[in-house]
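**Q** Contents of input_9.pdb (PDB, C-alpha atoms and all ligand atoms) are given next:
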```
ATOM      1  CA  MET A   1     -33.440 -40.284  79.091  1.00  0.00           C
ATOM      2  CA  THR A   2     -33.613 -37.456  76.561  1.00  0.00           C
ATOM      3  CA  ARG A   3     -36.034 -37.748  73.678  1.00  0.00           C
ATOM      4  CA  GLU A   4     -35.257 -36.378  70.233  1.00  0.00           C
ATOM      5  CA  LEU A   5     -36.608 -32.901  69.579  1.00  0.00           C
ATOM      6  CA  SER A   6     -39.431 -32.587  67.076  1.00  0.00           C
ATOM      7  CA  ILE A   7     -38.833 -30.577  63.883  1.00  0.00           C
ATOM      8  CA  GLU A   8     -40.873 -27.719  65.409  1.00  0.00           C
ATOM      9  CA  GLU A   9     -38.779 -27.783  68.590  1.00  0.00           C
ATOM     10  CA  GLN A  10     -35.553 -27.791  66.528  1.00  0.00           C
ATOM     11  CA  ASP A  11     -36.793 -24.759  64.552  1.00  0.00           C
ATOM     12  CA  ALA A  12     -37.705 -22.934  67.784  1.00  0.00           C
ATOM     13  CA  ALA A  13     -34.285 -23.685  69.328  1.00  0.00           C
ATOM     14  CA  ALA A  14     -32.521 -22.466  66.171  1.00  0.00           C
ATOM     15  CA  ARG A  15     -34.359 -19.124  66.394  1.00  0.00           C
ATOM     16  CA  VAL A  16     -33.336 -18.673  70.031  1.00  0.00           C
ATOM     17  CA  ASP A  17     -29.712 -19.486  69.167  1.00  0.00           C
ATOM     18  CA  ALA A  18     -29.672 -17.066  66.202  1.00  0.00           C
ATOM     19  CA  ALA A  19     -31.054 -14.211  68.296  1.00  0.00           C
ATOM     20  CA  ARG A  20     -28.637 -14.926  71.151  1.00  0.00           C
ATOM     21  CA  LEU A  21     -25.638 -14.858  68.795  1.00  0.00           C
ATOM     22  CA  LYS A  22     -26.411 -11.311  67.660  1.00  0.00           C
ATOM     23  CA  GLN A  23     -27.039 -10.203  71.250  1.00  0.00           C
ATOM     24  CA  GLU A  24     -23.694 -11.586  72.343  1.00  0.00           C
ATOM     25  CA  ILE A  25     -21.636 -10.583  69.259  1.00  0.00           C
ATOM     26  CA  ALA A  26     -22.920  -7.595  67.311  1.00  0.00           C
ATOM     27  CA  ARG A  27     -19.990  -7.555  64.866  1.00  0.00           C
ATOM     28  CA  ALA A  28     -16.400  -8.742  64.409  1.00  0.00           C
ATOM     29  CA  ASP A  29     -13.766  -6.805  66.334  1.00  0.00           C
ATOM     30  CA  PRO A  30     -11.307  -4.588  64.424  1.00  0.00           C
ATOM     31  CA  GLN A  31      -8.398  -7.005  64.951  1.00  0.00           C
ATOM     32  CA  THR A  32     -10.336  -9.809  63.297  1.00  0.00           C
ATOM     33  CA  LEU A  33     -11.157  -7.597  60.314  1.00  0.00           C
ATOM     34  CA  ARG A  34      -7.443  -6.846  59.870  1.00  0.00           C
ATOM     35  CA  LEU A  35      -6.597 -10.569  60.027  1.00  0.00           C
ATOM     36  CA  LEU A  36      -9.309 -11.686  57.599  1.00  0.00           C
ATOM     37  CA  PHE A  37      -9.504  -8.769  55.172  1.00  0.00           C
ATOM     38  CA  THR A  38      -7.823  -5.392  55.347  1.00  0.00           C
ATOM     39  CA  GLU A  39      -4.259  -6.532  56.064  1.00  0.00           C
ATOM     40  CA  ALA A  40      -4.427 -10.177  54.960  1.00  0.00           C
ATOM     41  CA  ARG A  41      -2.264 -10.905  51.931  1.00  0.00           C
ATOM     42  CA  THR A  42      -1.839 -13.510  49.226  1.00  0.00           C
ATOM     43  CA  HIS A  43       1.450 -15.326  49.851  1.00  0.00           C
ATOM     44  CA  ASN A  44       4.224 -16.657  47.606  1.00  0.00           C
ATOM     45  CA  GLY A  45       6.833 -17.799  50.136  1.00  0.00           C
ATOM     46  CA  TRP A  46       6.517 -20.418  52.850  1.00  0.00           C
ATOM     47  CA  ARG A  47       8.274 -21.162  56.104  1.00  0.00           C
ATOM     48  CA  ASP A  48       9.392 -24.699  56.838  1.00  0.00           C
ATOM     49  CA  ARG A  49       6.606 -25.238  59.368  1.00  0.00           C
ATOM     50  CA  PRO A  50       4.239 -28.163  58.818  1.00  0.00           C
ATOM     51  CA  VAL A  51       0.458 -28.072  58.839  1.00  0.00           C
ATOM     52  CA  SER A  52      -0.927 -30.971  60.884  1.00  0.00           C
ATOM     53  CA  ASP A  53      -3.840 -33.277  60.116  1.00  0.00           C
ATOM     54  CA  GLY A  54      -5.558 -31.708  63.129  1.00  0.00           C
ATOM     55  CA  MET A  55      -5.242 -28.259  61.599  1.00  0.00           C
ATOM     56  CA  LEU A  56      -6.655 -29.446  58.263  1.00  0.00           C
ATOM     57  CA  HIS A  57      -9.617 -31.006  60.052  1.00  0.00           C
ATOM     58  CA  ALA A  58     -10.117 -27.798  62.061  1.00  0.00           C
ATOM     59  CA  LEU A  59     -10.052 -25.830  58.805  1.00  0.00           C
ATOM     60  CA  TYR A  60     -12.765 -27.972  57.223  1.00  0.00           C
ATOM     61  CA  ASP A  61     -14.824 -28.013  60.420  1.00  0.00           C
ATOM     62  CA  LEU A  62     -14.863 -24.202  60.363  1.00  0.00           C
ATOM     63  CA  MET A  63     -15.490 -23.522  56.672  1.00  0.00           C
ATOM     64  CA  LYS A  64     -18.241 -26.140  56.386  1.00  0.00           C
ATOM     65  CA  TRP A  65     -20.638 -23.856  58.286  1.00  0.00           C
ATOM     66  CA  ALA A  66     -20.669 -21.188  55.561  1.00  0.00           C
ATOM     67  CA  PRO A  67     -23.673 -21.322  53.227  1.00  0.00           C
ATOM     68  CA  THR A  68     -24.235 -23.076  49.876  1.00  0.00           C
ATOM     69  CA  SER A  69     -27.375 -23.279  47.747  1.00  0.00           C
ATOM     70  CA  MET A  70     -29.769 -25.930  49.089  1.00  0.00           C
ATOM     71  CA  ASN A  71     -27.031 -26.682  51.638  1.00  0.00           C
ATOM     72  CA  ALA A  72     -25.655 -28.875  48.847  1.00  0.00           C
ATOM     73  CA  GLN A  73     -21.922 -28.557  49.678  1.00  0.00           C
ATOM     74  CA  PRO A  74     -20.607 -29.643  46.250  1.00  0.00           C
ATOM     75  CA  GLY A  75     -17.030 -28.588  47.105  1.00  0.00           C
ATOM     76  CA  ARG A  76     -14.436 -31.359  47.348  1.00  0.00           C
ATOM     77  CA  PHE A  77     -10.954 -30.835  48.772  1.00  0.00           C
ATOM     78  CA  VAL A  78      -7.704 -32.705  48.257  1.00  0.00           C
ATOM     79  CA  PHE A  79      -4.998 -31.631  50.697  1.00  0.00           C
ATOM     80  CA  VAL A  80      -1.793 -32.319  48.776  1.00  0.00           C
ATOM     81  CA  ARG A  81       0.916 -32.635  51.432  1.00  0.00           C
ATOM     82  CA  SER A  82       3.167 -35.665  50.774  1.00  0.00           C
ATOM     83  CA  ALA A  83       6.201 -35.299  48.521  1.00  0.00           C
ATOM     84  CA  GLU A  84       4.738 -38.008  46.286  1.00  0.00           C
ATOM     85  CA  ALA A  85       1.431 -36.178  45.799  1.00  0.00           C
ATOM     86  CA  LYS A  86       3.240 -32.868  45.270  1.00  0.00           C
ATOM     87  CA  GLU A  87       5.189 -34.501  42.421  1.00  0.00           C
ATOM     88  CA  LYS A  88       1.877 -35.526  40.841  1.00  0.00           C
ATOM     89  CA  LEU A  89       0.839 -31.877  40.953  1.00  0.00           C
ATOM     90  CA  ARG A  90       4.101 -30.441  39.621  1.00  0.00           C
ATOM     91  CA  PRO A  91       3.558 -31.116  35.864  1.00  0.00           C
ATOM     92  CA  THR A  92       0.089 -29.569  35.987  1.00  0.00           C
ATOM     93  CA  LEU A  93       1.340 -26.155  37.164  1.00  0.00           C
ATOM     94  CA  SER A  94       2.100 -23.014  35.163  1.00  0.00           C
ATOM     95  CA  PRO A  95       5.844 -22.280  35.291  1.00  0.00           C
ATOM     96  CA  GLY A  96       5.415 -19.285  37.614  1.00  0.00           C
ATOM     97  CA  ASN A  97       3.500 -21.354  40.150  1.00  0.00           C
ATOM     98  CA  VAL A  98       5.865 -24.326  40.420  1.00  0.00           C
ATOM     99  CA  ASP A  99       8.425 -23.227  43.007  1.00  0.00           C
ATOM    100  CA  LYS A 100       5.984 -21.729  45.480  1.00  0.00           C
ATOM    101  CA  THR A 101       3.639 -24.690  45.211  1.00  0.00           C
ATOM    102  CA  MET A 102       6.407 -27.192  45.791  1.00  0.00           C
ATOM    103  CA  ALA A 103       7.573 -25.150  48.798  1.00  0.00           C
ATOM    104  CA  ALA A 104       4.118 -24.786  50.380  1.00  0.00           C
ATOM    105  CA  PRO A 105       3.451 -27.206  53.268  1.00  0.00           C
ATOM    106  CA  VAL A 106       0.054 -28.048  51.737  1.00  0.00           C
ATOM    107  CA  THR A 107      -1.656 -27.290  48.423  1.00  0.00           C
ATOM    108  CA  VAL A 108      -5.426 -27.688  48.442  1.00  0.00           C
ATOM    109  CA  ILE A 109      -7.138 -28.728  45.224  1.00  0.00           C
ATOM    110  CA  ILE A 110     -10.556 -27.083  45.348  1.00  0.00           C
ATOM    111  CA  GLY A 111     -12.922 -29.144  43.240  1.00  0.00           C
ATOM    112  CA  GLN A 112     -16.636 -29.717  42.882  1.00  0.00           C
ATOM    113  CA  ASP A 113     -18.665 -32.883  42.512  1.00  0.00           C
ATOM    114  CA  VAL A 114     -21.022 -32.482  39.562  1.00  0.00           C
ATOM    115  CA  GLU A 115     -23.132 -35.263  41.076  1.00  0.00           C
ATOM    116  CA  PHE A 116     -23.382 -33.431  44.423  1.00  0.00           C
ATOM    117  CA  TRP A 117     -27.125 -34.041  44.203  1.00  0.00           C
ATOM    118  CA  ARG A 118     -26.640 -37.624  45.420  1.00  0.00           C
ATOM    119  CA  HIS A 119     -26.298 -36.175  48.952  1.00  0.00           C
ATOM    120  CA  LEU A 120     -29.314 -33.853  48.818  1.00  0.00           C
ATOM    121  CA  ASP A 121     -31.671 -36.277  50.588  1.00  0.00           C
ATOM    122  CA  THR A 122     -29.325 -36.041  53.587  1.00  0.00           C
ATOM    123  CA  VAL A 123     -28.277 -32.402  53.543  1.00  0.00           C
ATOM    124  CA  PHE A 124     -31.541 -30.840  52.343  1.00  0.00           C
ATOM    125  CA  PRO A 125     -34.287 -33.077  53.725  1.00  0.00           C
ATOM    126  CA  VAL A 126     -36.845 -30.271  53.728  1.00  0.00           C
ATOM    127  CA  MET A 127     -38.398 -31.141  50.374  1.00  0.00           C
ATOM    128  CA  ASP A 128     -39.455 -34.309  48.598  1.00  0.00           C
ATOM    129  CA  ASP A 129     -36.838 -35.493  46.105  1.00  0.00           C
ATOM    130  CA  PRO A 130     -34.506 -32.462  46.299  1.00  0.00           C
ATOM    131  CA  ALA A 131     -32.294 -34.042  43.593  1.00  0.00           C
ATOM    132  CA  GLY A 132     -35.169 -34.095  41.113  1.00  0.00           C
ATOM    133  CA  GLY A 133     -34.129 -30.939  39.299  1.00  0.00           C
ATOM    134  CA  PHE A 134     -30.538 -32.150  38.858  1.00  0.00           C
ATOM    135  CA  ARG A 135     -30.610 -35.884  38.146  1.00  0.00           C
ATOM    136  CA  ASP A 136     -31.168 -35.486  34.383  1.00  0.00           C
ATOM    137  CA  ASN A 137     -29.793 -31.965  34.098  1.00  0.00           C
ATOM    138  CA  ALA A 138     -26.017 -32.134  33.573  1.00  0.00           C
ATOM    139  CA  ALA A 139     -25.632 -28.496  32.480  1.00  0.00           C
ATOM    140  CA  GLY A 140     -27.630 -27.165  35.441  1.00  0.00           C
ATOM    141  CA  SER A 141     -25.772 -29.447  37.846  1.00  0.00           C
ATOM    142  CA  GLU A 142     -22.394 -28.282  36.532  1.00  0.00           C
ATOM    143  CA  MET A 143     -23.275 -24.605  36.911  1.00  0.00           C
ATOM    144  CA  PHE A 144     -24.677 -25.175  40.403  1.00  0.00           C
ATOM    145  CA  ALA A 145     -21.619 -27.188  41.481  1.00  0.00           C
ATOM    146  CA  PHE A 146     -19.172 -24.634  40.076  1.00  0.00           C
ATOM    147  CA  ARG A 147     -20.913 -21.677  41.697  1.00  0.00           C
ATOM    148  CA  ASN A 148     -21.141 -23.251  45.125  1.00  0.00           C
ATOM    149  CA  GLY A 149     -17.786 -25.031  44.985  1.00  0.00           C
ATOM    150  CA  THR A 150     -16.161 -21.690  44.182  1.00  0.00           C
ATOM    151  CA  LEU A 151     -17.860 -20.151  47.200  1.00  0.00           C
ATOM    152  CA  GLU A 152     -16.545 -22.976  49.366  1.00  0.00           C
ATOM    153  CA  GLY A 153     -13.022 -22.310  48.088  1.00  0.00           C
ATOM    154  CA  ALA A 154     -13.390 -18.687  49.142  1.00  0.00           C
ATOM    155  CA  TYR A 155     -14.688 -19.765  52.531  1.00  0.00           C
ATOM    156  CA  LEU A 156     -11.624 -21.994  52.886  1.00  0.00           C
ATOM    157  CA  ILE A 157      -9.326 -19.006  52.330  1.00  0.00           C
ATOM    158  CA  LEU A 158     -11.094 -16.947  54.981  1.00  0.00           C
ATOM    159  CA  ALA A 159     -11.323 -19.851  57.445  1.00  0.00           C
ATOM    160  CA  ALA A 160      -7.597 -20.470  57.016  1.00  0.00           C
ATOM    161  CA  ARG A 161      -6.858 -16.824  57.784  1.00  0.00           C
ATOM    162  CA  ALA A 162      -9.105 -17.027  60.853  1.00  0.00           C
ATOM    163  CA  LEU A 163      -7.051 -19.991  62.134  1.00  0.00           C
ATOM    164  CA  GLY A 164      -3.772 -18.141  61.668  1.00  0.00           C
ATOM    165  CA  LEU A 165      -2.782 -19.848  58.423  1.00  0.00           C
ATOM    166  CA  ASP A 166      -1.661 -18.050  55.267  1.00  0.00           C
ATOM    167  CA  THR A 167      -2.917 -18.797  51.759  1.00  0.00           C
ATOM    168  CA  GLY A 168      -1.965 -18.370  48.119  1.00  0.00           C
ATOM    169  CA  PRO A 169      -4.794 -19.147  45.676  1.00  0.00           C
ATOM    170  CA  MET A 170      -3.882 -20.069  42.080  1.00  0.00           C
ATOM    171  CA  SER A 171      -5.689 -20.669  38.809  1.00  0.00           C
ATOM    172  CA  GLY A 172      -2.462 -20.968  36.821  1.00  0.00           C
ATOM    173  CA  PHE A 173      -2.520 -24.721  36.166  1.00  0.00           C
ATOM    174  CA  ASP A 174      -4.025 -27.201  33.713  1.00  0.00           C
ATOM    175  CA  ASN A 175      -7.425 -28.311  35.025  1.00  0.00           C
ATOM    176  CA  ALA A 176      -7.603 -31.312  32.666  1.00  0.00           C
ATOM    177  CA  LYS A 177      -4.216 -32.564  33.896  1.00  0.00           C
ATOM    178  CA  VAL A 178      -5.213 -32.165  37.555  1.00  0.00           C
ATOM    179  CA  ASP A 179      -8.487 -33.972  36.877  1.00  0.00           C
ATOM    180  CA  ALA A 180      -6.597 -36.834  35.193  1.00  0.00           C
ATOM    181  CA  ALA A 181      -4.014 -37.055  38.001  1.00  0.00           C
ATOM    182  CA  PHE A 182      -6.349 -36.725  41.000  1.00  0.00           C
ATOM    183  CA  PHE A 183      -9.978 -37.260  39.944  1.00  0.00           C
ATOM    184  CA  ALA A 184      -9.849 -39.936  37.221  1.00  0.00           C
ATOM    185  CA  GLY A 185     -12.977 -42.081  37.201  1.00  0.00           C
ATOM    186  CA  THR A 186     -14.865 -39.712  39.501  1.00  0.00           C
ATOM    187  CA  THR A 187     -17.473 -36.989  39.008  1.00  0.00           C
ATOM    188  CA  ILE A 188     -15.193 -34.391  40.653  1.00  0.00           C
ATOM    189  CA  ARG A 189     -13.685 -31.563  38.596  1.00  0.00           C
ATOM    190  CA  SER A 190     -10.896 -29.212  39.699  1.00  0.00           C
ATOM    191  CA  ASN A 191     -11.582 -25.500  40.077  1.00  0.00           C
ATOM    192  CA  PHE A 192      -8.563 -23.754  41.642  1.00  0.00           C
ATOM    193  CA  LEU A 193      -5.634 -24.417  43.977  1.00  0.00           C
ATOM    194  CA  VAL A 194      -4.743 -22.847  47.322  1.00  0.00           C
ATOM    195  CA  ASN A 195      -1.273 -23.001  48.823  1.00  0.00           C
ATOM    196  CA  LEU A 196      -1.542 -23.230  52.591  1.00  0.00           C
ATOM    197  CA  GLY A 197       0.895 -22.848  55.441  1.00  0.00           C
ATOM    198  CA  TYR A 198       2.800 -20.235  57.403  1.00  0.00           C
ATOM    199  CA  ALA A 199       4.141 -17.495  55.158  1.00  0.00           C
ATOM    200  CA  ASP A 200       7.625 -16.225  54.549  1.00  0.00           C
ATOM    201  CA  GLU A 201       6.620 -12.579  54.313  1.00  0.00           C
ATOM    202  CA  THR A 202       9.796 -11.630  52.464  1.00  0.00           C
ATOM    203  CA  ARG A 203       8.238 -12.997  49.259  1.00  0.00           C
ATOM    204  CA  ILE A 204       5.111 -10.841  49.005  1.00  0.00           C
ATOM    205  CA  PHE A 205       4.740  -7.915  46.633  1.00  0.00           C
ATOM    206  CA  ARG A 206       3.284  -4.497  47.276  1.00  0.00           C
ATOM    207  CA  ARG A 207      -0.455  -4.304  47.880  1.00  0.00           C
ATOM    208  CA  LEU A 208      -2.299  -3.600  44.665  1.00  0.00           C
ATOM    209  CA  PRO A 209      -5.205  -1.146  44.453  1.00  0.00           C
ATOM    210  CA  ARG A 210      -8.822  -2.181  44.947  1.00  0.00           C
ATOM    211  CA  LEU A 211     -11.634  -0.667  42.924  1.00  0.00           C
ATOM    212  CA  ALA A 212     -13.721   1.924  44.725  1.00  0.00           C
ATOM    213  CA  PHE A 213     -17.354   1.402  45.647  1.00  0.00           C
ATOM    214  CA  ASP A 214     -18.574   3.729  42.895  1.00  0.00           C
ATOM    215  CA  GLU A 215     -16.624   1.802  40.253  1.00  0.00           C
ATOM    216  CA  VAL A 216     -18.209  -1.536  41.001  1.00  0.00           C
ATOM    217  CA  ALA A 217     -21.402  -0.988  42.940  1.00  0.00           C
ATOM    218  CA  GLU A 218     -24.578   0.964  42.914  1.00  0.00           C
ATOM    219  CA  ILE A 219     -27.358   1.355  45.419  1.00  0.00           C
ATOM    220  CA  VAL A 220     -30.663   1.345  43.603  1.00  0.00           C
TER     221      VAL A 220
HETATM  222  C1  LIG B   1      -8.791 -17.650  42.074  1.00  0.00           C
HETATM  223  C2  LIG B   1      -7.420 -16.997  42.139  1.00  0.00           C
HETATM  224  C3  LIG B   1      -6.457 -17.389  41.241  1.00  0.00           C
HETATM  225  C4  LIG B   1      -5.165 -16.846  41.313  1.00  0.00           C
HETATM  226  N1  LIG B   1      -4.200 -17.348  40.484  1.00  0.00           N
HETATM  227  C5  LIG B   1      -2.913 -17.013  40.706  1.00  0.00           C
HETATM  228  C6  LIG B   1      -1.864 -17.684  40.021  1.00  0.00           C
HETATM  229  O1  LIG B   1      -2.083 -18.590  39.213  1.00  0.00           O
HETATM  230  N2  LIG B   1      -0.584 -17.314  40.302  1.00  0.00           N
HETATM  231  C7  LIG B   1      -0.307 -16.333  41.215  1.00  0.00           C
HETATM  232  O2  LIG B   1       0.878 -16.043  41.419  1.00  0.00           O
HETATM  233  N3  LIG B   1      -1.274 -15.667  41.868  1.00  0.00           N
HETATM  234  C8  LIG B   1      -2.578 -15.997  41.656  1.00  0.00           C
HETATM  235  N4  LIG B   1      -3.581 -15.376  42.372  1.00  0.00           N
HETATM  236  C9  LIG B   1      -3.204 -14.324  43.360  1.00  0.00           C
HETATM  237  C10 LIG B   1      -3.825 -12.947  43.080  1.00  0.00           C
HETATM  238  O3  LIG B   1      -3.112 -12.287  42.076  1.00  0.00           O
HETATM  239  C11 LIG B   1      -3.828 -12.162  44.402  1.00  0.00           C
HETATM  240  O4  LIG B   1      -4.668 -12.840  45.295  1.00  0.00           O
HETATM  241  C12 LIG B   1      -4.311 -10.725  44.246  1.00  0.00           C
HETATM  242  O5  LIG B   1      -3.419  -9.979  43.466  1.00  0.00           O
HETATM  243  C13 LIG B   1      -4.496 -10.033  45.581  1.00  0.00           C
HETATM  244  O6  LIG B   1      -3.311 -10.058  46.340  1.00  0.00           O
HETATM  245  P1  LIG B   1      -3.332  -9.644  47.898  1.00  0.00           P
HETATM  246  O7  LIG B   1      -4.289 -10.607  48.576  1.00  0.00           O
HETATM  247  O8  LIG B   1      -1.940  -9.833  48.396  1.00  0.00           O
HETATM  248  O9  LIG B   1      -3.808  -8.240  48.001  1.00  0.00           O
HETATM  249  C14 LIG B   1      -4.866 -15.860  42.280  1.00  0.00           C
HETATM  250  C15 LIG B   1      -5.870 -15.465  43.179  1.00  0.00           C
HETATM  251  C16 LIG B   1      -7.130 -16.034  43.124  1.00  0.00           C
HETATM  252  C17 LIG B   1      -8.171 -15.603  44.136  1.00  0.00           C
END
```
Let me see the file written as structure tokens.

**A**
Amino acid sequence: MTRELSIEEQDAAARVDAARLKQEIARADPQTLRLLFTEARTHNGWRDRPVSDGMLHALYDLMKWAPTSMNAQPGRFVFVRSAEAKEKLRPTLSPGNVDKTMAAPVTVIIGQDVEFWRHLDTVFPVMDDPAGGFRDNAAGSEMFAFRNGTLEGAYLILAARALGLDTGPMSGFDNAKVDAAFFAGTTIRSNFLVNLGYADETRIFRRLPRLAFDEVAEIV
């Protein structure tokens, strides 16, 4: 028989685990940095290779560990894969995004639930009434959901790269049309789209320049 650990014992175990991680892995290896960042590209062309349910679950089960404010996880994800669902997406897309989106094995609609706070008792049970500041605060809830849902979309891109998938994020579409087609009657709002699959590298363009540290950052 094992008994449940007390809160104090869970905290102590978490500290041991966190210290052990950094002893065992000081930093990501150079190959991983190439795959996730320095040589990873945004893709426009897709090979005819499907993405399985198992892969989509693996993707979520990886990205879900990245942080959000109050652990609130307002991001919501619709994996558009069937031909029928793709046709629902088609009329919402900017002309330049149609062909590549229809060709992608999966297009993820990254959205956020503006009533994310309904889950806070479960996901942030470290304070009394964690939803209190949001329940009657639509503007604050929307900003919070957008900020953290956007982060989760970025985590999805990096998690996909880590699993060997390729991605093509897009904001060229009509959010109101996507909301009407996929989120009618819900409190979920669309943010951006991510094409997902295995890339046809013949369709990418040259790498564009990144701003230098001194142009965007300062150390104060
Ligand atoms: C949120 C977001 C929205 C984007 N929207 C579009 C889009 O609507 N259409 C498109 O062709 N590319 C879109 N892009 C692709 C960017 O132009 C591309 O990621 C950027 O130029 C960097 O390319 P690289 O990763 O190959 O270096 C978008 C990227 C992001 C992150």

**Q** Return as a PyMOL selection string the residues of protein, DNA or RNA that approach ligand LIG 1 (chain B) to within 10 Å, with all atoms listed in the file taken into account.

**A** chain A and resi 37-44+93-98+100-101+150+153-154+157+167-173+191-194+204-210

**Q** For Glu142 (chain A), which of A:Gly75, A:Gly164, A:Pro30, A:Pro125 is the closest residue, counting only C-alpha atoms?

**A**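 Looking only at the distances to Glu142 (chain A), the closest residue turns out to be A:Gly75.
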
**Q** Under the PyMOL selection byres (((chain A and resi 49) around 10) and not hetatm), which residues of this model are included? Write them out as a list in words.

**A**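 The output of the PyMOL selection byres (((chain A and resi 49) around 10) and not hetatm) on this file is Trp46, Arg47, Asp48, Pro50, Val51, Ser52, Ala104, Pro105, Gly197, Tyr198 and Ala199 of chain A.
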
**Q** Next, the residues of the selection above should be written as a PDB file, in the frame of the given file with C-alpha atoms.

**A**
```
ATOM      1  CA  TRP A  46       6.517 -20.418  52.850  1.00  0.00           C
ATOM      2  CA  ARG A  47       8.274 -21.162  56.104  1.00  0.00           C
ATOM      3  CA  ASP A  48       9.392 -24.699  56.838  1.00  0.00           C
ATOM      4  CA  PRO A  50       4.239 -28.163  58.818  1.00  0.00           C
ATOM      5  CA  VAL A  51       0.458 -28.072  58.839  1.00  0.00           C
ATOM      6  CA  SER A  52      -0.927 -30.971  60.884  1.00  0.00           C
ATOM      7  CA  ALA A 104       4.118 -24.786  50.380  1.00  0.00           C
ATOM      8  CA  PRO A 105       3.451 -27.206  53.268  1.00  0.00           C
ATOM      9  CA  GLY A 197       0.895 -22.848  55.441  1.00  0.00           C
ATOM     10  CA  TYR A 198       2.800 -20.235  57.403  1.00  0.00           C
ATOM     11  CA  ALA A 199       4.141 -17.495  55.158  1.00  0.00           C
TER      12      ALA A 199
END
```

**Q** Figure out the distance between CA of Leu165 (chain A) and CA of Leu36 (chain A), please, to one decimal in Å.

**A**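 Interatomic distance here is 10.5 Å.
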
**Q** Near Ser69 (chain A), within 12 Å and counting all atoms listed in the file, which residues show up once chain neighbours fewer than 5 positions away are dropped, as a PDB file with C-alpha atoms, in the frame of the given file?

**A**
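Now in around_38.pdb:
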```pdb
ATOM      1  CA  PRO A  74     -20.607 -29.643  46.250  1.00  0.00           C
ATOM      2  CA  GLY A  75     -17.030 -28.588  47.105  1.00  0.00           C
ATOM      3  CA  PHE A 116     -23.382 -33.431  44.423  1.00  0.00           C
ATOM      4  CA  TRP A 117     -27.125 -34.041  44.203  1.00  0.00           C
ATOM      5  CA  LEU A 120     -29.314 -33.853  48.818  1.00  0.00           C
ATOM      6  CA  VAL A 123     -28.277 -32.402  53.543  1.00  0.00           C
ATOM      7  CA  PHE A 124     -31.541 -30.840  52.343  1.00  0.00           C
ATOM      8  CA  PRO A 130     -34.506 -32.462  46.299  1.00  0.00           C
ATOM      9  CA  SER A 141     -25.772 -29.447  37.846  1.00  0.00           C
ATOM     10  CA  MET A 143     -23.275 -24.605  36.911  1.00  0.00           C
ATOM     11  CA  PHE A 144     -24.677 -25.175  40.403  1.00  0.00           C
ATOM     12  CA  ALA A 145     -21.619 -27.188  41.481  1.00  0.00           C
ATOM     13  CA  PHE A 146     -19.172 -24.634  40.076  1.00  0.00           C
ATOM     14  CA  ARG A 147     -20.913 -21.677  41.697  1.00  0.00           C
ATOM     15  CA  ASN A 148     -21.141 -23.251  45.125  1.00  0.00           C
ATOM     16  CA  GLY A 149     -17.786 -25.031  44.985  1.00  0.00           C
ATOM     17  CA  THR A 150     -16.161 -21.690  44.182  1.00  0.00           C
ATOM     18  CA  LEU A 151     -17.860 -20.151  47.200  1.00  0.00           C
ATOM     19  CA  GLU A 152     -16.545 -22.976  49.366  1.00  0.00           C
TER      20      GLU A 152
END
```

**Q** Go through A:Asp200, A:Asp121, A:Asp29, A:Asp113 one by one, measure the shortest atom-to-atom distance of each to Phe77 (chain A) using only C-alpha atoms, and give the residue with the smallest value.

**A**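 Among the listed residues, the smallest separation from Phe77 (chain A) belongs to A:Asp113.
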